[in-house]
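Q: Have a look at this one before I ask anything.
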Amino acid sequence: FGGFYDEKIYGNIPSEEAQNYGDLKFAGMMYAKVVCVQIILMLGYDVLFQDVDIVWYSDPLSFLQNPSTMNQDFDIYFQDDGSRQIRYAPYSANSGFYYVRKNERTTYLFTALLYAGDAIKATGSHQQVLVGLLAEHSSLFGLRIKILDKYDDEFPGGYHYHMDRPFMKRLVDGKANALMFHMSWTKNKDNKLKFLQQMGDWFVEEQCIGKKAADILGKEGEVVESGALLGSCCAAEALVSCHYKDKPSKIPCKDSPPIDKNGPSFW
């Protein structure tokens with residue numbers, strides 16, 4: 001994939017992954033999530049934003065932009081986070097997957113979010129600050145918000161992975177109508193990788209994990225062209241492996257240890 005980085009815009013963005021949800025590196029990365037959407041909206045485009053821990057099973061835009069499957073009268077559409085903590089009230093919107101229509105209301109929303117960088121740093125949560133602004137802008141400026149119901153099949157995530165075993169059984173059996181899967185509700189990058197491997201949603205070769213493109217290709221200091229890593233890093237078939245017996249998996253993992261104390265086997 002191509003990428004864009006400008007030091008004047010993004011500043012000193014962490015280059016390493018966060019060790020835990022909400023730590024300083026995590027909060028620092030949240031600023032980049034704000035800026036990239038705000039810039040594209042200002043250029044006059046609609047935006048589908050997603051975190052990198054999301055796998056597509058089919059194109060979600062064909063669902064979100066289709067009047068026969070989705071009401072088109074909203075300004076912004078969010079995956080349901082699943083968490084009903086007070087800090088995410090009233091919407092429980094997940095800031096890792098959302099579709100924004102370019103208009104004056106959404107441009108103002110994301111400009112306000114950009115100016116709330118201090119609140120993101122203080123809370124360690126881009127999502128908490130964004131949900132608060134959703135409530136404010138809905139009330140004051142008529143922002144129209146749609147939450148994609150967690151009880152529907154199309155947009156599952158960490159809530160389903162950890163809390164809804166009947167749905168996950170249907171998903172791994174190919175009986176759910178999911179368009180994508182978001183490995184949210186996960187402590188750190190290591191667990192996300194293992195959970196995606198168990199689910200049969202991992203396609204990155206071992207020699208490429210945790211390495212920079214220039215190091216993989218032996219081109220330190222050179223510009224790496226878009227698509228250059230496909231042959232070296234991308235598997236044609238899912239790389240499935242077991243890690244924890246008590247978490248959903250594409251194949252039985254009964255011989256693996258549990259990640260949660262006394263966690264029962266998924267199979």
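Identifiers in this document derive from the order of the structure tokens: chains are assigned A, B, ..., residues are numbered from 1 separately in each chain, and ligands are numbered from 1 in order of occurrence.
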Based on DSSP run over this structure's backbone, return all residues of region 84-222 of chain A in strand (DSSP E), as a list in words.
A: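 Restricting region 84-222 of chain A to strand (DSSP E) produces Ala93, Asn94, Ser95, Gly96, Phe97, Tyr98, Tyr99, Val100, Ile145, Lys146, Ile147, Leu148, Met180, Phe181 and His182 of chain A.
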Q: Excluding Lys8 (chain A) and its own-chain neighbours fewer than 4 positions away, which residues fall within 12 Å of it when counting only C-alpha atoms? Please give them as a CSV table (one decimal) with N, CA, C and O atoms, in the first residue's frame.
A:
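Now in selection10.csv:
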chain,number,residue,atom,x,y,z
A,12,ASN,N,6.0,14.1,15.7
A,12,ASN,CA,6.8,12.9,16.1
A,12,ASN,C,5.9,11.8,16.4
A,12,ASN,O,5.6,11.5,17.6
A,13,ILE,N,5.4,11.1,15.4
A,13,ILE,CA,4.5,9.9,15.6
A,13,ILE,C,5.3,8.7,16.0
A,13,ILE,O,6.3,8.4,15.4
A,35,VAL,N,-5.9,13.3,12.2
A,35,VAL,CA,-5.4,14.1,11.1
A,35,VAL,C,-5.7,13.5,9.7
A,35,VAL,O,-6.1,14.2,8.8
Q: Determine which residues of region 31-171 of chain A DSSP labels as alpha helix (DSSP H) from the backbone of this structure, then write them out as an MDAnalysis selection string.
A: chainID A and resid 31:42 61:64 104:114 117:123 126:141 158:163 165:171
Q: As an exercise, work out the distance from CA of Lys219 (chain A) to CA of Glu205 (chain A) in Å and give it to one decimal place.
A: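 Taking CA of Lys219 (chain A) as the start and CA of Glu205 (chain A) as the end point, the length is 18.9 Å.
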Q: Per residue of region 40-116 of chain A within 10 Å of region 183-193 of chain A, note the shortest atom pair and the distance in Å to one decimal, counting only C-alpha atoms, and order the rows by chain and increasing residue number, as a Markdown table.
A:
| residue | atom | partner | partner_atom | distance |
| --- | --- | --- | --- | --- |
| A:Asp51 | CA | A:Ser184 | CA | 9.1 |
| A:Val52 | CA | A:Met183 | CA | 9.2 |
| A:Asp53 | CA | A:Met183 | CA | 5.6 |
| A:Ile54 | CA | A:Met183 | CA | 6.3 |
| A:Val55 | CA | A:Met183 | CA | 8.5 |
| A:Asp81 | CA | A:Ser184 | CA | 8.3 |
| A:Gly82 | CA | A:Trp185 | CA | 9.3 |
| A:Ser83 | CA | A:Trp185 | CA | 9.1 |
| A:Asn94 | CA | A:Ser184 | CA | 9.0 |
| A:Gly96 | CA | A:Ser184 | CA | 8.1 |
